[in-house]
Amino acid sequence: MGRSEGAETGQEVTVYVTGQVASPGLVRLAPGARVADAVQASGGFTGSADRQAVNLARPVRDGEQIHLPRAGERLPPGALNGAMGAAEDATGSVGTPAGPVDLNSAGEQQLTALPGIGPALAKRIVADREKNGPFRSVASLTRVKGIGKKLAAKLSEHARVN
């Protein structure tokens, strides 16, 4: 069984809980906390939450976003058992996103799961989207400083726009 980040250091972890909880937002949790602890710290599930869509036993990681969908809601690209971000393999290692990443809704953490996108480019993508509006296509990423046609073409396999 994996341990949450913070468990080794003995420091509390902070996660961002969104979706179908009574009080969405940032919550601070004890070392070794699980998704269930994050839900409880956010006031519990709302009546419309899809409780089966999340793995309540999964350890949380400092800085992650945990999204609790409503019944019938399609989980965002890259979501894994209620956690936004890159998919993990059975060992807990972060790998490629579980599905195409939506460039118009992904946060920086999700964007860094894309090949060739590090924290600096992810930050620029989010800033550009906030300043100039949604991307109309994956190719329109070229409007972001540091992303050329070659990288945009490479990302077309892993990203989409809605």
# chains A, B, ... in the order shown; residues from 1 in each chain; ligands from 1

$ select_by_dssp --residues "range 30-161 of chain A" --states "alpha helix (DSSP H)" --output "MDAnalysis selection string"
chainID A and resid 35:41 108:111 119:132 149:155

$ residues_around --residues "range 127-142 of chain A" --least-positions-apart "6" --cutoff "9 Å" --atoms "only C-alpha atoms" --output "list in words"
Leu103, Asn104, Ser105, Gly148, Lys149, Leu151, Ala152, Ala153, Leu155, Ser156, Ala159, Arg160, Val161 and Asn162 of chain A

$ closest_residue --among "A:Val126, A:Ala49, A:Leu111, A:Val60" --to "Glu12 in chain A" --atoms "only C-alpha atoms"
A:Val60

$ residues_around --residues "Tyr16 in chain A" --least-positions-apart "2" --cutoff "8 Å" --atoms "only C-alpha atoms" --output "PyMOL selection string"
chain A and resi 14+18+24-27+63-66

$ write_last_selection --atoms "N, CA and C atoms" --output "tab-separated table (two decimals), in the first residue's frame"
chain	number	residue	atom	x	y	z
A	14	THR	N	-1.78	19.53	2.05
A	14	THR	CA	-2.88	20.41	1.63
A	14	THR	C	-3.36	19.94	0.28
A	18	THR	N	-12.79	19.58	-4.92
A	18	THR	CA	-13.81	20.20	-5.75
A	18	THR	C	-14.93	19.22	-6.02
A	24	PRO	N	-16.45	22.82	-0.86
A	24	PRO	CA	-15.26	22.66	-1.71
A	24	PRO	C	-14.20	23.70	-1.34
A	25	GLY	N	-12.95	23.34	-1.52
A	25	GLY	CA	-11.86	24.27	-1.28
A	25	GLY	C	-10.63	23.56	-0.77
A	26	LEU	N	-9.69	24.35	-0.28
A	26	LEU	CA	-8.44	23.81	0.26
A	26	LEU	C	-8.69	23.21	1.64
A	27	VAL	N	-8.11	22.04	1.87
A	27	VAL	CA	-8.17	21.43	3.20
A	27	VAL	C	-6.77	20.95	3.58
A	63	GLY	N	-0.69	19.02	-2.47
A	63	GLY	CA	-0.82	19.85	-3.65
A	63	GLY	C	-1.75	19.32	-4.72
A	64	GLU	N	-2.36	18.17	-4.53
A	64	GLU	CA	-3.22	17.63	-5.57
A	64	GLU	C	-4.63	18.20	-5.48
A	65	GLN	N	-5.36	18.03	-6.55
A	65	GLN	CA	-6.78	18.38	-6.60
A	65	GLN	C	-7.57	17.08	-6.62
A	66	ILE	N	-8.56	17.00	-5.76
A	66	ILE	CA	-9.43	15.84	-5.70
A	66	ILE	C	-10.82	16.29	-6.13

$ atom_distance --atom1 "CA of Leu121 in chain A" --atom2 "CA of Gly19 in chain A"
26.7 Å
